[in-house]
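The file start_15.csv comes next; it holds CSV, C-alpha atoms.
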chain,number,residue,atom,x,y,z
M,1,MET,CA,45.2,47.1,56.8
M,2,ALA,CA,44.8,47.2,53.0
M,3,ASP,CA,41.5,48.0,51.4
M,4,PHE,CA,40.2,48.6,47.9
M,5,SER,CA,40.9,52.3,48.3
M,6,ASP,CA,44.6,51.4,48.7
M,7,ILE,CA,44.9,49.7,45.3
M,8,ILE,CA,46.6,51.9,42.9
M,9,ASP,CA,44.6,52.3,39.6
M,10,GLN,CA,43.1,48.9,38.5
M,11,ASN,CA,39.7,50.6,38.4
M,12,GLN,CA,38.1,48.1,36.1
M,13,MET,CA,39.1,45.2,38.4
M,14,LYS,CA,38.0,47.1,41.6
M,15,GLU,CA,34.7,48.0,40.0
M,16,HIS,CA,34.0,44.3,39.2
M,17,MET,CA,34.9,43.1,42.7
M,18,GLN,CA,32.9,46.0,44.3
M,19,ASN,CA,29.9,45.1,42.2
M,20,ALA,CA,30.1,41.5,43.2
M,21,LEU,CA,30.2,42.5,46.9
M,22,LYS,CA,27.2,44.9,46.4
M,23,THR,CA,25.0,42.4,44.5
M,24,GLY,CA,26.1,39.2,46.1
M,25,LYS,CA,26.7,37.8,42.6
M,26,VAL,CA,30.1,36.3,43.3
M,27,SER,CA,31.7,33.9,40.8
M,28,HIS,CA,33.0,30.5,41.9
M,29,ALA,CA,36.3,31.2,40.1
M,30,TYR,CA,38.5,34.1,39.1
M,31,ILE,CA,41.9,34.3,37.3
M,32,ILE,CA,43.9,37.5,38.1
M,33,SER,CA,46.5,37.8,35.4
M,34,GLY,CA,49.5,40.1,35.6
M,35,GLU,CA,53.3,40.5,35.8
M,36,ASN,CA,55.2,39.2,38.8
M,37,GLY,CA,55.2,42.0,41.4
M,38,SER,CA,52.2,43.7,40.0
M,39,GLY,CA,50.1,43.1,43.1
M,40,LYS,CA,47.9,40.2,42.2
M,41,GLU,CA,48.0,38.5,45.6
M,42,TYR,CA,47.6,41.8,47.4
M,43,ILE,CA,44.3,42.4,45.5
M,44,ALA,CA,43.1,38.8,45.9
M,45,ARG,CA,43.5,39.1,49.7
M,46,ILE,CA,41.7,42.4,49.8
M,47,PHE,CA,38.8,40.8,47.9
M,48,ALA,CA,38.9,37.6,50.1
M,49,LYS,CA,38.8,39.7,53.3
M,50,ALA,CA,35.9,41.8,52.1
M,51,LEU,CA,34.0,38.7,51.0
M,52,GLN,CA,34.4,37.1,54.5
M,53,CYS,CA,33.7,40.3,56.5
M,54,GLU,CA,30.9,40.0,59.0
M,55,LYS,CA,29.8,43.6,58.8
M,56,LYS,CA,30.9,45.3,55.6
M,57,VAL,CA,30.9,49.1,55.6
M,58,ASN,CA,30.2,51.6,52.9
M,59,ARG,CA,33.1,54.1,52.4
M,60,ASN,CA,32.7,56.7,49.6
M,61,GLU,CA,30.0,54.5,48.0
M,62,ASN,CA,32.4,51.5,47.9
M,63,ILE,CA,31.9,48.3,49.9
M,64,GLU,CA,34.9,47.7,52.1
M,65,ALA,CA,35.8,45.2,54.9
M,66,CYS,CA,35.3,46.7,58.3
M,67,ASN,CA,38.8,45.5,59.5
M,68,GLU,CA,37.4,45.1,63.0
M,69,CYS,CA,35.2,42.0,63.1
M,70,HIS,CA,36.5,38.5,64.1
M,71,SER,CA,36.8,37.5,60.4
M,72,CYS,CA,38.7,40.6,59.4
M,73,VAL,CA,41.2,40.2,62.3
M,74,GLN,CA,41.8,36.6,61.2
M,75,ALA,CA,42.3,37.6,57.6
M,76,LEU,CA,44.6,40.4,58.5
M,77,SER,CA,46.8,38.0,60.4
M,78,ASP,CA,46.7,35.4,57.6
M,79,ASN,CA,45.0,33.1,60.0
M,80,HIS,CA,41.5,32.7,58.5
M,81,PRO,CA,40.3,29.1,58.4
M,82,ASP,CA,38.2,29.8,55.3
M,83,ILE,CA,40.8,31.6,53.3
M,84,ILE,CA,43.2,28.9,52.1
M,85,THR,CA,46.4,29.4,50.1
M,86,ILE,CA,47.4,26.5,47.9
M,87,ASN,CA,51.2,26.1,48.4
M,88,HIS,CA,53.2,23.6,46.5
M,89,GLU,CA,56.3,21.6,47.6
M,90,LYS,CA,58.0,21.5,44.2
M,91,PRO,CA,59.2,25.1,43.3
M,92,GLY,CA,58.8,24.5,39.6
M,93,SER,CA,55.3,23.0,39.4
M,94,ILE,CA,52.0,22.6,41.1
M,95,GLY,CA,51.3,18.9,40.9
M,96,VAL,CA,48.0,16.9,40.7
M,97,ASP,CA,48.4,15.8,44.4
M,98,ASP,CA,48.6,19.5,45.5
M,99,ILE,CA,45.3,20.2,43.9
M,100,ARG,CA,43.6,17.0,44.9
M,101,GLU,CA,44.6,17.1,48.6
M,102,LYS,CA,44.5,20.8,49.3
M,103,LEU,CA,41.5,21.8,47.1
M,104,ARG,CA,39.4,19.1,45.3
M,105,ASP,CA,39.2,16.8,48.4
M,106,ASP,CA,38.7,19.7,50.7
M,107,VAL,CA,35.8,21.5,49.0
M,108,SER,CA,33.2,19.1,50.3
M,109,ILE,CA,33.9,20.4,53.8
M,110,ARG,CA,31.7,23.4,54.3
M,111,PRO,CA,33.1,26.7,55.6
M,112,TYR,CA,34.0,26.7,59.3
M,113,GLU,CA,32.9,30.2,60.1
M,114,SER,CA,32.0,32.2,57.0
M,115,ASP,CA,29.7,32.4,54.0
M,116,TYR,CA,32.5,31.4,51.6
M,117,LYS,CA,35.4,29.0,51.5
M,118,ILE,CA,38.1,30.8,49.4
M,119,TYR,CA,41.1,29.2,47.8
M,120,ILE,CA,43.9,31.3,46.5
M,121,ILE,CA,46.4,29.7,44.1
M,122,PRO,CA,49.5,31.8,43.6
M,123,GLU,CA,51.7,31.0,40.5
M,124,GLY,CA,48.8,29.2,38.9
M,125,GLU,CA,50.7,28.9,35.6
M,126,LYS,CA,52.8,26.3,37.3
M,127,MET,CA,49.9,23.8,37.4
M,128,THR,CA,50.6,20.7,35.4
M,129,ILE,CA,48.1,19.5,32.9
M,130,ALA,CA,47.1,16.8,35.4
M,131,ALA,CA,46.6,19.4,38.1
M,132,GLN,CA,44.5,21.5,35.8
M,133,ASN,CA,42.3,18.6,35.0
M,134,ALA,CA,41.9,17.8,38.7
M,135,LEU,CA,40.9,21.4,39.3
M,136,LEU,CA,38.5,21.3,36.3
M,137,LYS,CA,36.4,18.7,38.0
M,138,THR,CA,35.7,21.2,40.8
M,139,LEU,CA,35.1,24.0,38.4
M,140,GLU,CA,32.5,22.0,36.5
M,141,GLU,CA,30.4,21.2,39.7
M,142,PRO,CA,31.4,23.8,42.3
M,143,PRO,CA,29.7,23.9,45.7
M,144,SER,CA,27.8,27.1,46.1
M,145,TYR,CA,30.1,28.4,48.9
M,146,ILE,CA,33.5,28.1,47.2
M,147,VAL,CA,35.5,30.9,45.5
M,148,ILE,CA,38.7,30.0,43.7
M,149,ILE,CA,41.1,32.8,42.9
M,150,ILE,CA,44.0,31.8,40.6
M,151,LEU,CA,46.9,34.2,40.2
M,152,THR,CA,49.1,34.0,37.2
M,153,SER,CA,51.8,35.8,35.2
M,154,ASN,CA,50.9,33.7,32.1
M,155,ILE,CA,47.3,33.3,31.2
M,156,ASN,CA,48.3,31.2,28.1
M,157,ALA,CA,49.5,28.4,30.4
M,158,PHE,CA,45.9,27.3,31.1
M,159,LEU,CA,43.7,24.8,29.3
M,160,PRO,CA,40.9,26.6,27.5
M,161,THR,CA,38.4,24.6,29.6
M,162,ILE,CA,39.9,26.3,32.7
M,163,THR,CA,39.8,29.9,31.4
M,164,SER,CA,36.3,29.4,30.0
M,165,ARG,CA,35.0,28.5,33.5
M,166,CYS,CA,36.6,31.5,35.3
M,167,ILE,CA,36.2,35.3,35.2
M,168,VAL,CA,39.5,36.6,33.9
M,169,LEU,CA,40.6,39.9,35.5
M,170,PRO,CA,43.8,41.3,33.8
M,171,MET,CA,46.0,43.7,35.7
M,172,LYS,CA,46.6,46.9,33.8
M,173,PRO,CA,49.9,48.8,33.9
M,174,VAL,CA,49.7,51.5,36.5
M,175,LYS,CA,50.2,55.1,35.3
M,176,ASP,CA,53.7,56.5,36.0
M,177,ASP,CA,52.2,59.5,37.8
M,178,SER,CA,50.2,57.2,40.1
M,179,ILE,CA,53.3,55.2,41.0
M,180,ARG,CA,55.4,58.4,41.5
M,181,LYS,CA,52.7,59.9,43.8
M,182,TYR,CA,52.5,56.6,45.8
M,183,LEU,CA,56.2,56.4,46.3
M,184,MET,CA,56.5,60.0,47.4
M,185,GLU,CA,53.5,60.1,49.7
M,186,GLU,CA,53.4,56.6,51.2
M,187,CYS,CA,57.0,55.6,51.0
M,188,HIS,CA,58.7,59.0,51.4
M,189,VAL,CA,60.9,58.6,48.3
M,190,VAL,CA,62.4,61.8,47.0
M,191,ASP,CA,60.8,63.3,43.9
M,192,TYR,CA,63.6,62.6,41.3
M,193,LYS,CA,64.0,59.0,42.5
M,194,ALA,CA,60.3,58.4,42.6
M,195,MET,CA,60.0,59.6,38.9
M,196,LEU,CA,63.0,57.4,38.0
M,197,CYS,CA,61.6,54.2,39.6
M,198,ALA,CA,58.1,54.8,38.2
M,199,SER,CA,59.6,55.2,34.7
M,200,PHE,CA,61.7,52.0,35.0
M,201,ALA,CA,58.8,50.0,36.5
M,202,ARG,CA,56.7,50.3,33.4
M,203,GLY,CA,53.4,50.2,35.3
M,204,ASN,CA,54.5,47.5,37.8
M,205,VAL,CA,54.1,48.9,41.4
M,206,GLY,CA,56.0,46.0,42.9
M,207,LYS,CA,59.0,46.6,40.7
M,208,ALA,CA,58.9,50.3,41.5
M,209,LEU,CA,59.0,49.6,45.2
M,210,GLU,CA,61.9,47.2,44.7
M,211,LEU,CA,63.9,49.7,42.7
M,212,ALA,CA,63.2,52.4,45.3
M,213,SER,CA,64.8,50.3,48.0
M,214,ASN,CA,67.5,48.8,45.8
M,215,GLU,CA,70.9,50.3,46.5
M,216,ARG,CA,72.5,48.4,43.6
M,217,PHE,CA,70.1,49.9,41.1
M,218,GLU,CA,71.2,53.4,42.3
M,219,GLU,CA,74.8,52.4,41.9
M,220,LEU,CA,74.1,51.0,38.4
M,221,LYS,CA,72.4,54.2,37.4
M,222,ASN,CA,75.2,56.4,38.6
M,223,GLY,CA,77.9,54.1,37.2
M,224,THR,CA,76.2,54.0,33.8
M,225,VAL,CA,75.9,57.7,33.5
M,226,GLU,CA,79.5,58.1,34.7
M,227,LEU,CA,80.7,55.6,32.0
M,228,VAL,CA,78.8,57.5,29.2
M,229,SER,CA,80.3,60.8,30.4
M,230,LYS,CA,83.8,59.4,30.1
M,231,LEU,CA,83.5,57.3,26.9
M,232,SER,CA,85.4,59.8,24.8
M,233,GLY,CA,88.6,59.3,26.8
M,234,LEU,CA,88.4,55.5,27.1
M,235,GLU,CA,89.7,52.7,24.9
M,236,ILE,CA,87.4,49.8,24.3
M,237,TYR,CA,89.1,47.4,26.7
M,238,ASP,CA,88.7,50.1,29.5
M,239,ILE,CA,85.1,50.5,28.6
M,240,MET,CA,84.4,46.7,28.7
M,241,ASP,CA,86.2,46.4,32.0
M,242,ARG,CA,84.0,49.0,33.5
M,243,VAL,CA,80.9,47.4,32.0
M,244,HIS,CA,81.8,44.0,33.5
M,245,ALA,CA,82.4,45.7,36.9
M,246,LEU,CA,78.9,47.3,36.7
M,247,LEU,CA,77.1,44.1,35.6
M,248,ALA,CA,79.0,41.6,37.7
M,249,PRO,CA,76.5,39.1,39.3
M,250,SER,CA,76.2,38.8,43.1
M,251,GLU,CA,76.7,35.3,44.6
M,252,GLU,CA,72.9,34.6,44.7
M,253,ASN,CA,72.5,35.6,41.1
M,254,GLU,CA,75.4,33.7,39.7
M,255,LYS,CA,73.1,31.1,38.1
M,256,ASN,CA,71.3,33.9,36.2
M,257,SER,CA,74.5,35.2,34.6
M,258,LYS,CA,76.1,34.8,31.2
M,259,LYS,CA,79.9,35.2,30.8
M,260,GLY,CA,80.2,37.0,34.1
M,261,ILE,CA,77.2,39.4,33.4
M,262,ASP,CA,74.1,39.4,35.5
M,263,THR,CA,71.3,39.3,32.9
M,264,ALA,CA,68.8,41.2,35.1
M,265,LEU,CA,71.4,44.0,35.6
M,266,LEU,CA,72.1,43.9,31.8
M,267,ASP,CA,68.4,44.6,31.1
M,268,GLU,CA,68.4,47.5,33.6
M,269,PHE,CA,71.7,48.8,32.1
M,270,MET,CA,70.1,48.9,28.7
M,271,ASP,CA,67.0,50.7,30.1
M,272,ILE,CA,69.2,53.3,31.9
M,273,LEU,CA,71.0,54.1,28.6
M,274,LEU,CA,67.7,54.3,26.7
M,275,PHE,CA,66.1,56.7,29.2
M,276,LEU,CA,69.3,58.7,29.4
M,277,PHE,CA,69.3,59.4,25.7
M,278,ARG,CA,65.6,60.0,25.7
M,279,ASP,CA,66.4,62.7,28.3
M,280,LEU,CA,69.1,64.1,26.0
M,281,LEU,CA,66.5,64.4,23.2
M,282,VAL,CA,63.9,66.1,25.5
M,283,TYR,CA,66.4,68.6,26.9
M,284,LYS,CA,67.9,69.4,23.5
M,285,ALA,CA,64.3,70.2,22.3
M,286,THR,CA,63.1,72.1,25.3
M,287,GLU,CA,66.1,73.2,27.3
M,288,GLU,CA,64.0,72.5,30.4
M,289,GLY,CA,64.7,69.9,33.1
M,290,GLU,CA,61.1,69.6,34.3
M,291,HIS,CA,60.2,66.4,32.4
M,292,LEU,CA,63.5,64.6,32.7
M,293,ILE,CA,63.7,61.1,34.2
M,294,PHE,CA,67.3,61.7,35.2
M,295,SER,CA,66.6,65.1,36.7
M,296,ASP,CA,69.5,64.6,39.2
M,297,LYS,CA,71.9,64.4,36.2
M,298,ILE,CA,70.8,67.7,34.7
M,299,SER,CA,74.4,69.1,34.7
M,300,TYR,CA,75.7,66.3,32.5
M,301,ILE,CA,72.6,66.2,30.3
M,302,LYS,CA,73.0,70.0,29.7
M,303,SER,CA,76.7,69.7,28.7
M,304,ALA,CA,76.1,66.6,26.5
M,305,THR,CA,73.4,68.2,24.5
M,306,GLN,CA,75.7,71.1,23.6
M,307,LYS,CA,78.1,68.6,21.9
M,308,CYS,CA,75.7,66.2,20.1
M,309,THR,CA,73.2,66.5,17.4
M,310,TYR,CA,69.6,65.1,17.0
M,311,ASP,CA,70.8,62.8,14.3
M,312,GLY,CA,73.6,61.6,16.6
M,313,ILE,CA,71.2,60.8,19.5
M,314,ASN,CA,68.8,59.0,17.1
M,315,ARG,CA,71.7,56.9,15.7
M,316,ILE,CA,72.7,56.0,19.3
M,317,ILE,CA,69.1,54.9,20.1
M,318,LYS,CA,68.9,52.8,16.9
M,319,ASN,CA,72.3,51.2,17.8
M,320,MET,CA,70.9,50.3,21.2
M,321,GLU,CA,67.8,48.7,19.6
M,322,THR,CA,70.1,46.6,17.4
M,323,ALA,CA,72.2,45.6,20.4
M,324,LYS,CA,69.1,44.5,22.3
M,325,ASN,CA,68.0,42.4,19.3
M,326,ARG,CA,71.4,40.8,19.1
M,327,ILE,CA,71.5,40.0,22.8
M,328,ASN,CA,68.0,38.5,22.6
M,329,SER,CA,69.1,36.4,19.6
M,330,ASN,CA,72.0,35.0,21.7
M,331,VAL,CA,74.7,36.8,19.8
M,332,ASN,CA,77.9,37.2,21.9
M,333,ILE,CA,77.0,39.7,24.6
M,334,ASP,CA,80.4,41.3,24.8
M,335,LEU,CA,80.5,41.8,21.1
M,336,ALA,CA,77.0,43.3,21.0
M,337,LEU,CA,77.9,45.7,23.9
M,338,GLU,CA,81.2,46.7,22.3
M,339,LEU,CA,79.6,47.7,19.0
M,340,MET,CA,76.9,49.6,20.8
M,341,LEU,CA,79.2,51.5,23.1
M,342,LEU,CA,81.6,52.4,20.2
M,343,GLY,CA,78.5,53.7,18.4
M,344,ILE,CA,77.6,55.9,21.4
M,345,LYS,CA,81.2,57.1,21.7
M,346,GLU,CA,81.3,58.1,18.0
M,347,ASN,CA,78.0,60.0,18.1
M,348,LEU,CA,78.3,61.9,21.5
Produce structure tokens that represent the structure in this file.
Amino acid sequence: MADFSDIIDQNQMKEHMQNALKTGKVSHAYIISGENGSGKEYIARIFAKALQCEKKVNRNENIEACNECHSCVQALSDNHPDIITINHEKPGSIGVDDIREKLRDDVSIRPYESDYKIYIIPEGEKMTIAAQNALLKTLEEPPSYIVIIILTSNINAFLPTITSRCIVLPMKPVKDDSIRKYLMEECHVVDYKAMLCASFARGNVGKALELASNERFEELKNGTVELVSKLSGLEIYDIMDRVHALLAPSEENEKNSKKGIDTALLDEFMDILLFLFRDLLVYKATEEGEHLIFSDKISYIKSATQKCTYDGINRIIKNMETAKNRINSNVNIDLALELMLLGIKENL
């Protein structure tokens, strides 16, 4: 039963939508732009439900859907005849026929039960140029009762004539503390894990939720820290065997792998290393575990900081940045990782 009060941060977007509800000055078209998993569709459906609500209520000076009327009950069950999601048959694109049949030819039919007829277009960046031009004809002469909400992870994918006729509402990164609090209070995630997931999510609530429930991420974190702790006693071939075991793709992710390495896991592996050495710097400077991301690894961090220098840790972080750049430039992944891990071994 999600409402505006359940949206984490995004105050500017909420304020705009709340003001539209209060004044009745609702635009015929919006673009909500943000990363995958950031909550674009979640917010769009809260807005759509509130727009269609038959008896809106004022909670803490904010207009919210009542969640009790016939319209709200339909919206909550994804069964509202006047809230229409534009799905597409081809996974890689939204074609002109999708827009013509499901939106442009449909807008002439007035709402069945409500004041508005709302169209939600997920993955709007997948619209072909022809589909965007078909949509443009509706945007140029929209019936008074329609509201189109386009969701996208790439605002640059649209024709300027589309964006100029829409109100663009960008998603802002959510503060780490807000995500951590949400994970702890609403999802009952333990404190150290909530802090870790919030840090890795980089402001994306959906990613934080995924990490919190992802057992493989927990295994990768523990395996990476264990690998670093044993580097001094391992030869390079042992190190790379362990790296390949950590980053081996699952069957469903085989297509997203390079030379037996899951590219998504590789990104997380590099982030884990970066945050680990950031923690080493913090602990070496403060000798306190309060602000550590890897607070559950305090024993290793404490012992590691007694052996390494500030310069050594900084060299490690620079080596990691070099390795990331090499990987992004399509240099041999194994070679980039070998050089990076040897650098870590030398400086720890």
Any idea what's packed within 6 Å of Thr128 in chain M, counting all atoms listed in the file, ignoring anything in its chain fewer than 2 positions away? Could you give it as JSON, numbers by chain?
{"M": [95, 130, 131]}
Write out as a ChimeraX atom specification which residues come within 12 Å of Leu136 in chain M when counting all atoms listed in the file, dropping same-chain ones fewer than 3 positions away.
/M:29,96,99-100,103-104,127,129-133,139-142,148,158-166
Would you give me, as a Markdown table, each residue of range 255-286 of chain M having an atom within 12 Å of an atom of range 216-235 of chain M, along with its shortest atom pair and that distance in Å to one decimal, using all atoms listed in the file and sorting by chain and residue number?
| residue | atom | partner | partner_atom | distance |
| --- | --- | --- | --- | --- |
| M:Asp262 | CA | M:Leu220 | CA | 12.0 |
| M:Ala264 | CA | M:Phe217 | CA | 10.6 |
| M:Leu265 | CA | M:Leu220 | CA | 8.0 |
| M:Leu266 | CA | M:Leu220 | CA | 9.9 |
| M:Asp267 | CA | M:Leu220 | CA | 11.3 |
| M:Glu268 | CA | M:Phe217 | CA | 8.1 |
| M:Phe269 | CA | M:Thr224 | CA | 7.1 |
| M:Met270 | CA | M:Thr224 | CA | 9.4 |
| M:Asp271 | CA | M:Lys221 | CA | 9.7 |
| M:Ile272 | CA | M:Lys221 | CA | 6.4 |
| M:Leu273 | CA | M:Thr224 | CA | 7.4 |
| M:Leu274 | CA | M:Thr224 | CA | 11.1 |
| M:Phe275 | CA | M:Lys221 | CA | 10.6 |
| M:Leu276 | CA | M:Val225 | CA | 7.8 |
| M:Phe277 | CA | M:Val228 | CA | 10.3 |
| M:Asp279 | CA | M:Val225 | CA | 11.9 |
| M:Leu280 | CA | M:Val225 | CA | 12.0 |
Determine, counting all atoms listed in the file, which protein, DNA and RNA residues have an atom within 8 Å of an atom of range 35-46 of chain M; residues of the same chain fewer than 6 positions away are not included. Present the result as a PyMOL selection string.
chain M and resi 2-4+7+120+122+149+151-153+171+204-207
Expressed in Å to a single decimal, how great is the separation between CA of Val147 in chain M and CA of Tyr116 in chain M?
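These atoms are spaced 6.8 Å apart.
With distances restricted to only C-alpha atoms, M:Thr263 is the closest residue to Ile327 in chain M from M:Asn62, M:Thr263, M:Ser303, M:Asn79.
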Work out how far CA of Ile32 in chain M is from CA of Ser108 in chain M, in Å to one decimal.
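Distance between the two atoms: 24.5 Å.
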Restricting the calculation to all atoms listed in the file: of M:Tyr30, M:Tyr237, M:Phe200, M:Tyr119, which residue gets closest to His16 in chain M?
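Once distances to His16 in chain M are computed over all atoms listed in the file, the minimum belongs to M:Tyr30.
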